[in-house]
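**Q** As input, take start_1.txt (compact mmCIF, C-alpha atoms):
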# COMPACT_ATOMS: atom_id res chain seq x y z
CA MET A 544 101.11 48.58 108.11
CA LYS A 545 102.05 48.04 104.48
CA THR A 546 102.98 50.99 102.31
CA ASP A 547 99.94 50.52 100.07
CA GLU A 548 97.72 50.63 103.15
CA LEU A 549 99.42 53.81 104.31
CA VAL A 550 98.90 55.34 100.86
CA ALA A 551 95.21 54.44 101.03
CA LEU A 552 94.95 55.88 104.53
CA LEU A 553 96.60 59.16 103.55
CA ALA A 554 94.56 59.55 100.36
CA LYS A 555 91.21 58.70 101.92
CA ASP A 556 89.08 61.84 102.31
CA ALA A 557 92.23 63.95 102.07
CA GLY A 558 90.23 66.95 100.83
CA PRO A 559 91.56 70.04 99.09
CA VAL A 560 94.37 72.21 100.43
CA ALA A 561 94.06 75.99 100.50
CA PRO A 562 96.37 77.67 97.97
CA ASN A 563 99.12 80.17 98.83
CA ALA A 564 99.82 78.47 102.14
CA VAL A 565 103.30 79.94 102.47
CA ALA A 566 102.29 83.58 101.95
CA ARG A 567 99.29 83.21 104.24
CA ARG A 568 101.28 81.55 107.01
CA PHE A 569 103.98 84.23 106.89
CA GLY A 570 101.31 86.94 106.68
CA THR A 571 99.64 85.72 109.85
CA ALA A 572 102.98 85.37 111.63
CA LEU A 573 104.11 88.85 110.63
CA GLY A 574 100.78 90.35 111.68
CA TRP A 575 101.23 89.02 115.21
CA GLY A 576 104.99 89.48 115.35
CA VAL A 577 105.06 93.08 114.11
CA SER A 578 102.22 94.02 116.47
CA GLY A 579 104.16 92.48 119.35
CA THR A 580 107.38 94.27 118.48
CA ALA A 581 105.59 97.60 117.93
CA LEU A 582 103.75 97.25 121.24
CA LEU A 583 106.95 96.38 123.08
CA MET A 584 108.64 99.42 121.57
CA MET A 585 105.77 101.76 122.51
CA ILE A 586 105.70 100.48 126.08
CA MET A 587 109.44 100.26 126.70
CA LEU A 588 110.86 103.08 124.59
CA GLY A 589 108.28 105.20 122.81
CA VAL A 590 108.70 107.11 119.57
CA ARG A 591 111.33 109.85 119.67
CA ALA A 592 109.86 113.16 120.83
CA ASP A 593 111.13 115.17 117.86
CA ILE A 594 109.81 112.78 115.22
CA ALA A 595 107.91 115.51 113.34
CA ASP A 596 111.12 117.46 112.82
CA ALA A 597 113.15 114.35 112.13
CA MET A 598 110.80 113.34 109.34
CA LEU A 599 111.94 116.35 107.35
CA LEU A 600 115.48 114.97 107.14
CA PRO A 601 116.62 112.38 104.60
CA ALA A 602 118.72 110.65 107.29
CA PHE A 603 115.52 109.60 109.06
CA TRP A 604 114.15 107.96 105.93
CA MET A 605 117.41 106.23 105.18
CA LYS A 606 117.33 104.82 108.70
CA LEU A 607 113.88 103.36 108.00
CA ALA A 608 114.52 102.31 104.42
CA PHE A 609 117.70 100.35 105.10
CA PRO A 610 116.33 97.86 107.67
CA ALA A 611 112.97 97.74 105.85
CA SER A 612 114.76 96.66 102.65
CA VAL A 613 116.67 94.03 104.61
CA ALA A 614 113.32 92.85 106.01
CA ILE A 615 111.89 92.46 102.50
CA ALA A 616 114.94 90.49 101.38
CA ALA A 617 114.77 88.29 104.50
CA TYR A 618 111.05 87.72 103.90
CA LEU A 619 111.76 86.60 100.33
CA ALA A 620 114.55 84.33 101.55
CA GLY A 621 112.35 82.88 104.30
CA THR A 622 109.37 82.14 102.07
CA ARG A 623 111.67 80.45 99.56
CA LEU A 624 113.48 78.39 102.18
CA ALA A 625 110.12 77.28 103.59
CA ARG A 626 109.40 75.44 100.32
CA PRO A 627 111.27 72.26 99.44
CA GLY A 628 113.31 72.54 96.27
CA MET A 629 112.97 76.30 95.89
CA ARG A 630 116.18 78.14 95.12
CA LEU A 631 117.22 81.38 96.80
CA GLY A 632 117.98 82.94 93.42
CA ARG A 633 119.11 86.55 93.64
CA VAL A 634 118.10 87.11 97.24
CA PRO A 635 121.56 86.62 98.83
CA GLY A 636 123.02 88.97 96.21
CA ALA A 637 120.39 91.61 96.94
CA LEU A 638 121.09 91.32 100.66
CA SER A 639 124.83 91.72 100.16
CA ALA A 640 124.22 94.70 97.90
CA LEU A 641 122.13 96.39 100.60
CA VAL A 642 124.84 95.99 103.22
CA ALA A 643 127.56 97.01 100.75
CA THR A 644 125.58 100.16 99.90
CA ILE A 645 125.19 101.27 103.50
CA TRP A 646 128.88 100.59 104.14
CA LEU A 647 129.81 102.64 101.09
CA ILE A 648 127.65 105.55 102.25
CA ALA A 649 129.21 105.22 105.69
CA VAL A 650 132.77 105.28 104.37
CA VAL A 651 132.03 108.35 102.23
CA ALA A 652 130.48 110.08 105.25
CA LEU A 653 133.54 109.27 107.37
CA LEU A 654 135.96 110.49 104.71
CA ASN A 655 134.07 113.75 104.37
CA ALA A 656 133.98 114.34 108.11
CA GLU A 657 136.63 116.12 110.15
CA PRO A 658 138.89 113.55 111.84
CA PHE A 659 137.74 114.53 115.35
CA GLU A 660 134.06 113.92 114.38
CA ARG A 661 134.59 110.41 113.11
CA LYS A 662 134.45 108.59 116.38
CA HIS A 663 131.13 110.19 117.23
CA LEU A 664 129.72 109.41 113.78
CA VAL A 665 130.34 105.71 114.38
CA PHE A 666 129.46 105.39 118.04
CA GLY A 667 126.89 108.15 118.43
CA ASP A 668 125.50 108.46 121.95
CA THR A 669 123.49 105.25 122.02
CA TRP A 670 125.45 102.44 120.36
CA LEU A 671 125.25 100.05 123.29
CA PHE A 672 121.56 100.71 123.84
CA CYS A 673 120.92 100.15 120.12
CA LEU A 674 122.89 96.91 120.13
CA PHE A 675 120.76 95.66 123.01
CA SER A 676 117.39 97.02 121.85
CA ILE A 677 117.26 95.65 118.31
CA PRO A 678 117.70 92.00 119.37
CA ALA A 679 115.39 92.47 122.38
CA LEU A 680 112.61 94.03 120.29
CA SER A 681 113.01 91.29 117.69
CA ILE A 682 111.78 88.54 120.01
CA PRO A 683 108.05 88.67 119.03
CA VAL A 684 108.82 88.55 115.30
CA PHE A 685 111.46 85.87 115.92
CA ALA A 686 108.94 83.61 117.66
CA ALA A 687 106.37 84.29 114.92
CA ALA A 688 108.84 83.57 112.11
CA ILE A 689 109.87 80.26 113.69
CA TRP A 690 106.18 79.39 114.09
CA ALA A 691 105.61 80.18 110.40
CA MET A 692 108.54 78.01 109.33
CA LYS A 693 107.41 75.15 111.53
CA GLY A 694 104.09 74.96 109.69
CA LEU A 695 105.88 74.76 106.34
CA ALA A 696 108.67 72.54 105.09
CA PRO A 697 112.19 73.99 105.25
CA THR A 698 114.83 71.47 104.20
CA ARG A 699 117.88 73.63 104.95
CA LEU A 700 117.22 74.24 108.61
CA ALA A 701 120.14 76.49 109.58
CA LEU A 702 119.53 78.76 106.59
CA ALA A 703 115.78 78.81 107.23
CA GLY A 704 116.32 79.68 110.89
CA GLY A 705 118.82 82.34 109.87
CA ALA A 706 116.35 83.92 107.42
CA GLY A 707 113.65 83.92 110.10
CA GLY A 708 116.05 85.53 112.57
CA LEU A 709 117.17 88.13 110.05
CA LEU A 710 113.54 88.97 109.27
CA ALA A 711 112.96 89.47 113.00
CA GLY A 712 116.07 91.61 113.42
CA ALA A 713 115.27 93.75 110.38
CA VAL A 714 111.64 94.36 111.39
CA SER A 715 112.84 95.19 114.88
CA ALA A 716 115.48 97.62 113.55
CA THR A 717 112.82 99.34 111.41
CA VAL A 718 110.59 99.79 114.43
CA TYR A 719 113.53 100.85 116.61
CA ALA A 720 114.45 103.52 114.03
CA LEU A 721 111.33 105.43 115.11
CA HIS A 722 112.88 105.77 118.56
CA CYS A 723 116.57 105.99 117.71
CA PRO A 724 117.98 109.57 117.78
CA GLU A 725 121.10 108.81 115.77
CA THR A 726 121.46 110.24 112.28
CA GLY A 727 124.71 109.02 110.75
CA ALA A 728 125.13 106.35 108.11
CA PRO A 729 128.25 105.00 109.90
CA PHE A 730 126.09 104.30 112.96
CA LEU A 731 123.63 102.33 110.84
CA ALA A 732 126.41 100.51 109.03
CA VAL A 733 127.85 99.17 112.28
CA TRP A 734 125.21 98.94 114.99
CA TYR A 735 122.06 98.32 112.96
CA VAL A 736 123.87 95.67 110.95
CA LEU A 737 125.17 94.02 114.13
CA GLY A 738 121.79 94.32 115.85
CA MET A 739 120.10 92.54 112.93
CA ALA A 740 122.87 89.96 112.71
CA ILE A 741 122.43 88.80 116.32
CA PRO A 742 118.88 87.40 115.83
CA ALA A 743 119.96 86.04 112.45
CA PHE A 744 122.77 84.05 114.06
CA ALA A 745 120.47 82.94 116.86
CA GLY A 746 118.04 81.65 114.23
CA ALA A 747 120.76 79.88 112.28
CA ALA A 748 122.09 78.23 115.43
CA SER A 749 118.69 77.08 116.70
CA GLY A 750 117.14 76.24 113.31
CA PRO A 751 118.34 72.63 113.08
CA ARG A 752 116.83 71.90 116.49
CA LEU A 753 113.67 74.03 116.32
CA LEU A 754 112.64 73.36 112.74
CA ARG A 755 113.15 69.62 112.34
CA TRP A 756 110.17 67.81 110.80
CA MET B 1380 105.61 56.27 78.83
CA SER B 1381 108.65 58.53 78.72
CA ILE B 1382 110.12 60.02 81.86
CA ASP B 1383 108.97 63.50 80.88
CA GLU B 1384 105.39 62.39 80.32
CA ASP B 1385 105.47 60.49 83.57
CA ARG B 1386 106.70 63.59 85.36
CA LEU B 1387 103.98 65.77 83.89
CA LYS B 1388 101.32 63.21 84.72
CA LEU B 1389 102.50 62.95 88.32
CA ARG B 1390 102.46 66.71 88.68
CA GLU B 1391 98.95 66.88 87.30
CA LEU B 1392 97.82 64.18 89.74
CA LEU B 1393 99.14 66.15 92.71
CA VAL B 1394 97.64 69.42 91.48
CA ARG B 1395 94.26 67.70 91.08
CA GLY B 1396 94.71 65.97 94.41
CA ASN B 1397 95.43 69.26 96.16
CA ALA B 1398 92.26 70.63 94.57
CA GLY B 1399 90.29 67.83 96.23
CA ASP B 1400 90.32 64.96 93.70
CA GLY B 1401 90.80 61.95 95.99
CA ALA B 1402 91.36 59.38 93.23
CA ALA B 1403 94.06 61.52 91.61
CA TYR B 1404 95.74 62.03 94.97
CA HIS B 1405 95.70 58.29 95.66
CA ALA B 1406 97.29 57.62 92.26
CA PHE B 1407 99.88 60.30 92.97
CA LEU B 1408 100.93 58.81 96.31
CA LYS B 1409 101.05 55.32 94.84
CA ALA B 1410 103.31 56.33 91.96
CA LEU B 1411 105.37 58.49 94.30
CA SER B 1412 105.99 55.60 96.70
CA ALA B 1413 107.53 53.58 93.84
CA HIS B 1414 109.81 56.49 92.89
CA LEU B 1415 110.82 57.00 96.52
CA ARG B 1416 111.54 53.31 96.96
CA ALA B 1417 113.86 53.25 93.95
CA PHE B 1418 115.52 56.49 95.10
CA PHE B 1419 116.20 55.24 98.64
CA ARG B 1420 117.14 51.72 97.58
CA LYS B 1421 119.87 53.13 95.37
CA ARG B 1422 121.24 55.21 98.22
CA LEU B 1423 120.89 52.75 101.07
CA ILE B 1424 122.62 49.76 99.56
CA ARG B 1425 124.15 48.85 102.89
CA MET B 1426 120.94 49.51 104.84
CA PRO B 1427 118.23 47.76 102.81
CA ASP B 1428 116.07 47.26 105.89
CA GLU B 1429 115.66 51.01 106.26
CA VAL B 1430 114.22 51.56 102.79
CA GLU B 1431 110.55 50.80 103.36
CA ASP B 1432 110.46 52.66 106.69
CA LEU B 1433 111.92 55.70 104.98
CA VAL B 1434 109.44 55.42 102.10
CA GLN B 1435 106.59 55.47 104.62
CA GLU B 1436 108.06 58.31 106.64
CA THR B 1437 108.54 60.37 103.48
CA LEU B 1438 105.00 59.66 102.26
CA LEU B 1439 103.67 60.90 105.58
CA ALA B 1440 105.88 64.00 105.32
CA VAL B 1441 104.76 64.68 101.73
CA HIS B 1442 101.14 64.38 102.77
CA ASN B 1443 101.50 66.62 105.82
CA HIS B 1444 103.34 69.26 103.78
CA ARG B 1445 101.55 69.03 100.44
CA HIS B 1446 100.37 72.63 100.90
CA THR B 1447 103.98 73.77 100.32
CA TYR B 1448 103.95 72.56 96.71
CA ASP B 1449 103.65 75.50 94.34
CA PRO B 1450 102.07 74.33 91.05
CA GLY B 1451 104.28 76.79 89.19
CA LEU B 1452 107.42 74.88 90.18
CA PRO B 1453 108.74 71.53 88.96
CA LEU B 1454 107.41 68.66 91.04
CA SER B 1455 110.68 66.74 90.82
CA ALA B 1456 112.60 69.48 92.65
CA TRP B 1457 110.00 69.54 95.44
CA VAL B 1458 109.89 65.75 95.86
CA HIS B 1459 113.64 65.45 95.59
CA ALA B 1460 114.25 68.05 98.29
CA ILE B 1461 111.86 66.29 100.68
CA ALA B 1462 113.29 62.82 99.96
CA ARG B 1463 116.85 64.07 100.36
CA TYR B 1464 115.96 65.86 103.59
CA LYS B 1465 114.36 62.73 105.02
CA LEU B 1466 117.32 60.59 103.96
CA ALA B 1467 119.83 62.99 105.54
CA ASP B 1468 117.74 63.21 108.71
CA MET B 1469 117.55 59.42 109.04
CA LEU B 1470 121.30 59.02 108.47
CA ARG B 1471 122.06 61.73 111.01
CA VAL B 1472 119.94 60.01 113.64
CA ARG B 1473 121.35 56.55 112.80
CA LEU B 1474 124.98 57.50 112.42
CA GLY B 1475 125.12 60.52 114.67
CA ARG B 1476 126.55 62.95 112.15
CA ASP B 1477 125.97 64.53 108.78
CA ALA B 1478 126.52 61.48 106.68
CA LEU B 1479 124.94 62.49 103.41
CA ASN B 1480 127.75 63.53 101.16
CA ASP B 1481 126.30 63.30 97.72
CA PRO B 1482 127.23 66.43 95.76
CA LEU B 1483 126.63 64.83 92.38
CA ASP B 1484 123.02 64.07 93.19
CA ASP B 1485 120.97 65.08 90.17
CA GLU B 1486 117.64 66.44 91.22
CA THR B 1487 115.77 65.27 88.15
CA ASP B 1488 116.86 61.78 89.02
CA ILE B 1489 114.05 60.92 91.39
CA MET B 1490 111.43 60.51 88.69
CA ALA B 1491 113.76 58.47 86.49
CA SER B 1492 113.26 55.16 88.22
CA SER B 1493 110.54 53.45 90.16
CA ASP B 1494 110.27 50.27 92.15
CA THR B 1495 106.91 48.76 93.02
CA GLU B 1496 108.24 45.81 94.99
CA ALA B 1497 107.56 46.88 98.54
CA MET B 1498 109.32 45.10 101.34
CA ASP B 1499 107.87 44.92 104.80
CA ALA B 1500 108.41 48.00 106.88
CA ARG B 1501 110.07 47.28 110.20
CA ARG B 1502 108.22 50.01 111.99
CA ASP B 1503 104.47 49.37 112.15
CA ILE B 1504 102.58 52.61 111.69
CA ALA B 1505 99.36 50.90 112.81
CA LYS B 1506 100.98 50.31 116.23
CA LEU B 1507 102.09 53.94 116.50
CA LEU B 1508 98.56 54.98 115.64
CA GLU B 1509 97.28 53.19 118.72
CA HIS B 1510 99.37 55.47 120.92
CA LEU B 1511 97.72 58.66 119.70
CA PRO B 1512 95.25 60.37 122.03
CA GLU B 1513 91.64 59.38 121.43
CA ARG B 1514 90.55 62.69 119.88
CA GLN B 1515 93.08 62.03 117.09
CA ARG B 1516 93.05 58.23 116.97
CA LEU B 1517 89.28 57.81 116.60
CA PRO B 1518 88.87 60.27 113.69
CA ILE B 1519 91.76 58.58 111.84
CA GLN B 1520 90.37 55.12 112.58
CA TYR B 1521 86.82 55.90 111.46
CA VAL B 1522 87.45 58.29 108.56
CA LYS B 1523 90.74 57.04 107.19
CA LEU B 1524 90.67 53.30 107.92
CA ASP B 1525 87.00 52.33 108.24
CA GLY B 1526 85.90 54.70 105.49
CA LEU B 1527 83.13 56.45 107.41
CA SER B 1528 82.20 60.01 106.52
CA VAL B 1529 83.04 62.96 108.73
CA VAL B 1530 79.34 63.31 109.61
CA GLU B 1531 79.05 59.65 110.63
CA THR B 1532 82.25 59.89 112.67
CA SER B 1533 80.94 62.99 114.36
CA GLN B 1534 77.71 61.19 115.33
CA LEU B 1535 79.59 58.09 116.49
CA THR B 1536 82.11 59.92 118.66
CA GLY B 1537 80.09 62.92 119.81
CA MET B 1538 82.83 65.17 118.44
CA SER B 1539 81.89 68.12 116.25
CA GLU B 1540 82.58 67.79 112.53
CA SER B 1541 85.35 70.36 112.66
CA ALA B 1542 86.89 68.55 115.67
CA VAL B 1543 86.92 65.35 113.58
CA LYS B 1544 88.74 67.11 110.73
CA VAL B 1545 91.19 68.77 113.11
CA GLY B 1546 91.73 65.41 114.81
CA VAL B 1547 92.68 63.75 111.52
CA HIS B 1548 94.98 66.62 110.60
CA ARG B 1549 96.74 66.86 113.97
CA GLY B 1550 96.79 63.10 114.33
CA LEU B 1551 98.75 62.65 111.12
CA LYS B 1552 101.22 65.31 112.27
CA ALA B 1553 101.57 63.60 115.64
CA LEU B 1554 102.04 60.30 113.83
CA ALA B 1555 104.87 61.82 111.77
CA ALA B 1556 106.49 63.03 115.01
CA LYS B 1557 106.24 59.51 116.47
CA VAL B 1558 107.78 58.09 113.30
CA ARG B 1559 110.69 60.50 113.78
CA GLY B 1560 111.07 59.13 117.28
CA GLU B 1561 109.79 62.14 119.19
CA LYS B 1562 107.44 62.00 122.12
In structure tokens, what does this structure look like?

**A**
Amino acid sequence: MKTDELVALLAKDAGPVAPNAVARRFGTALGWGVSGTALLMMIMLGVRADIADAMLLPAFWMKLAFPASVAIAAYLAGTRLARPGMRLGRVPGALSALVATIWLIAVVALLNAEPFERKHLVFGDTWLFCLFSIPALSIPVFAAAIWAMKGLAPTRLALAGGAGGLLAGAVSATVYALHCPETGAPFLAVWYVLGMAIPAFAGAASGPRLLRW
Amino acid sequence: MSIDEDRLKLRELLVRGNAGDGAAYHAFLKALSAHLRAFFRKRLIRMPDEVEDLVQETLLAVHNHRHTYDPGLPLSAWVHAIARYKLADMLRVRLGRDALNDPLDDETDIMASSDTEAMDARRDIAKLLEHLPERQRLPIQYVKLDGLSVVETSQLTGMSESAVKVGVHRGLKALAAKVRGEK
């Protein structure tokens, strides 16, 4: 087939395309993915029993706000990477600033604590469970984010996969925070960050294979 | 016509095409294929036989992903990113590694030159089309090649009108996958 014939074929009856495809695709994906992750969490773990009391403490809100902010940054990165020629702009800077902030708060908390308390501030009682749960709960959002990317046009596949994975990890960490009994910033700074990084790395590693178009 | 005017005109053609103006979309793809040809020819000096195949593959990719163009953004950046991605992908498959090492590539470049002298493609898309399943092949054949309407195609094939539209859409995606060499 000659190129002019292909052009005619493609143009014939092509019809209009719906606007805002990227936002709609990600919206649908997140709807399904977040529902899946929330359902998994309710079935497997449940919300912490003392949530009403916990909600009175600023530590609880910090634990929600930190991964939720990472999720917003990852969403912005993902929707940009899904469009050819779109730059990431300030998103990587914002992401670094978020992590730097939580590390700063963690260091201050550790310096202010008595030396014998420090180990417990970092490890808490549930660090291993947290490190396992955040990646495990991220699976529904991970699958949804990859599905969203596949319907769009990422040209930097490892980065796009990484953003999708980070979105999944951050949503999962936000949901997990409703279960997690830990309160310290050092715990967040280590285990939440690692828990979110695992799906992000998985996405970056599988992106070139999964997202090729 | 200056390059800037050309660029604006091309962008307007795509925006109108995405809004449903078939003639504008046809003009867009035609002008785009000349830009792509010049772009690839310059970068595949030692592989001239690959140029037309890559032009066709990229046109198919642009069509299948035209919903990712945001009218608020420059068209050249969008087209350039797709063309560059397709070039890198082809070189990786051919040469087995990341071969595109072109840091000085200027992204406004793609609209700067055009080349309307098409060579013959080595891969025949019409042949690949024959290997699509019937529910995709027939809608593409009737609507896209024979010029029948969706209603006529629906009557002729016994498929519903929405199945005809879905068949065209999925068929072109499947065709792009075949062009990439996937099953």

**Q** Taking a cut-off of 8 Å and counting only C-alpha atoms, can you build a table that, for each residue of chain B near chain A, reports the nearest atom pair and how far apart they are in Å (one decimal), sorted by chain then residue number, as CSV?

**A**
residue,atom,partner,partner_atom,distance
B:Gly1396,CA,A:Pro559,CA,7.0
B:Asn1397,CA,A:Pro559,CA,4.9
B:Ala1398,CA,A:Pro559,CA,4.6
B:Gly1399,CA,A:Pro559,CA,3.8
B:Asp1400,CA,A:Gly558,CA,7.4
B:Gly1401,CA,A:Ala554,CA,6.2
B:Ala1402,CA,A:Ala554,CA,7.8
B:Tyr1404,CA,A:Ala554,CA,6.0
B:His1405,CA,A:Ala554,CA,5.0
B:Leu1408,CA,A:Val550,CA,6.1
B:Lys1409,CA,A:Val550,CA,6.4
B:Ser1412,CA,A:Thr546,CA,7.9
B:Glu1431,CA,A:Thr546,CA,7.6
B:Val1434,CA,A:Thr546,CA,7.8
B:Gln1435,CA,A:Thr546,CA,6.2
B:Leu1438,CA,A:Val550,CA,7.6
B:Leu1439,CA,A:Leu553,CA,7.6
B:Ala1440,CA,A:Trp756,CA,7.9
B:His1442,CA,A:Leu553,CA,7.0
B:His1444,CA,A:Ala696,CA,6.4
B:Arg1445,CA,A:Val560,CA,7.9
B:His1446,CA,A:Ala564,CA,6.0
B:Thr1447,CA,A:Arg626,CA,5.7
B:Tyr1448,CA,A:Arg626,CA,7.1
B:Asp1449,CA,A:Asn563,CA,7.9
B:Ala1456,CA,A:Gly628,CA,4.8
B:Trp1457,CA,A:Gly628,CA,4.5
B:Val1458,CA,A:Pro627,CA,7.6
B:His1459,CA,A:Gly628,CA,7.1
B:Ala1460,CA,A:Gly628,CA,5.0
B:Ile1461,CA,A:Pro627,CA,6.1
B:Tyr1464,CA,A:Thr698,CA,5.8
B:Ala1497,CA,A:Thr546,CA,7.2
B:Asp1499,CA,A:Lys545,CA,6.6
B:Ala1500,CA,A:Lys545,CA,6.8
B:Asp1503,CA,A:Met544,CA,5.3
B:Ile1504,CA,A:Met544,CA,5.6
B:Ala1505,CA,A:Met544,CA,5.5
B:Val1522,CA,A:Asp556,CA,7.4
B:Lys1523,CA,A:Leu552,CA,5.1
B:Leu1524,CA,A:Leu552,CA,6.0
B:Gly1526,CA,A:Lys555,CA,7.5
B:Ala1556,CA,A:Trp756,CA,7.4
B:Arg1559,CA,A:Trp756,CA,7.9

**Q** Could you jot down the atom CA of Ser715 of chain A to atom CA of Leu647 of chain A separation for me, Å, one decimal place?

**A** 23.1 Å

**Q** Leaving out Asp668 of chain A and any residue of its chain fewer than 3 positions from it, which residues lie within 9 Å of it when counting all atoms listed in the file, given as a list in words?

**A** His663, Leu671, Phe672, Pro724 and Glu725 of chain A

**Q** Would you export the selected residues with C-alpha atoms as a CSV table (one decimal), in the coordinates of the input, please?

**A**
chain,number,residue,atom,x,y,z
A,663,HIS,CA,131.1,110.2,117.2
A,671,LEU,CA,125.2,100.0,123.3
A,672,PHE,CA,121.6,100.7,123.8
A,724,PRO,CA,118.0,109.6,117.8
A,725,GLU,CA,121.1,108.8,115.8

**Q** At most 9 Å from (97.6, 64.2, 110.5), file frame, all atoms listed in the file: which residues, as a list in words?

**A** Leu553 of chain A; Leu1439, His1442, Asn1443, Gln1515, Ile1519, Val1545, Gly1546, Val1547, His1548, Arg1549, Gly1550, Leu1551, Lys1552, Ala1553, Leu1554 and Ala1555 of chain B

**Q** Which centre and which edge lengths, in Å to one decimal, describe the axis-aligned box that holds all listed atoms of segment 575-587 of chain A after 5 Å is added on each side, as JSON?

**A**
{"center_x": 105.3, "center_y": 95.4, "center_z": 120.4, "size_x": 18.2, "size_y": 22.7, "size_z": 22.6}

**Q** Near Ser1493 of chain B, counting all atoms listed in the file, which residues have an atom at most 10 Å away, once you skip same-chain residues fewer than 2 positions from it, shown as a PyMOL selection string?

**A** chain B and resi 1410-1418+1489-1491+1495-1496

**Q** Could you tell me which of A:Leu709, A:Ala740, A:Ala611, A:Leu653 comes closest to Phe675 of chain A if we count all atoms listed in the file?

**A**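 Going through A:Leu709, A:Ala740, A:Ala611, A:Leu653 one by one, the smallest distance to Phe675 of chain A is for A:Ala740.
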
**Q** Within 8 Å of Ser681 of chain A, counting all atoms listed in the file, which residues qualify if same-chain residues fewer than 4 places away don't, as a PyMOL selection string?

**A** chain A and resi 580+677+685+711-712+714-716+742
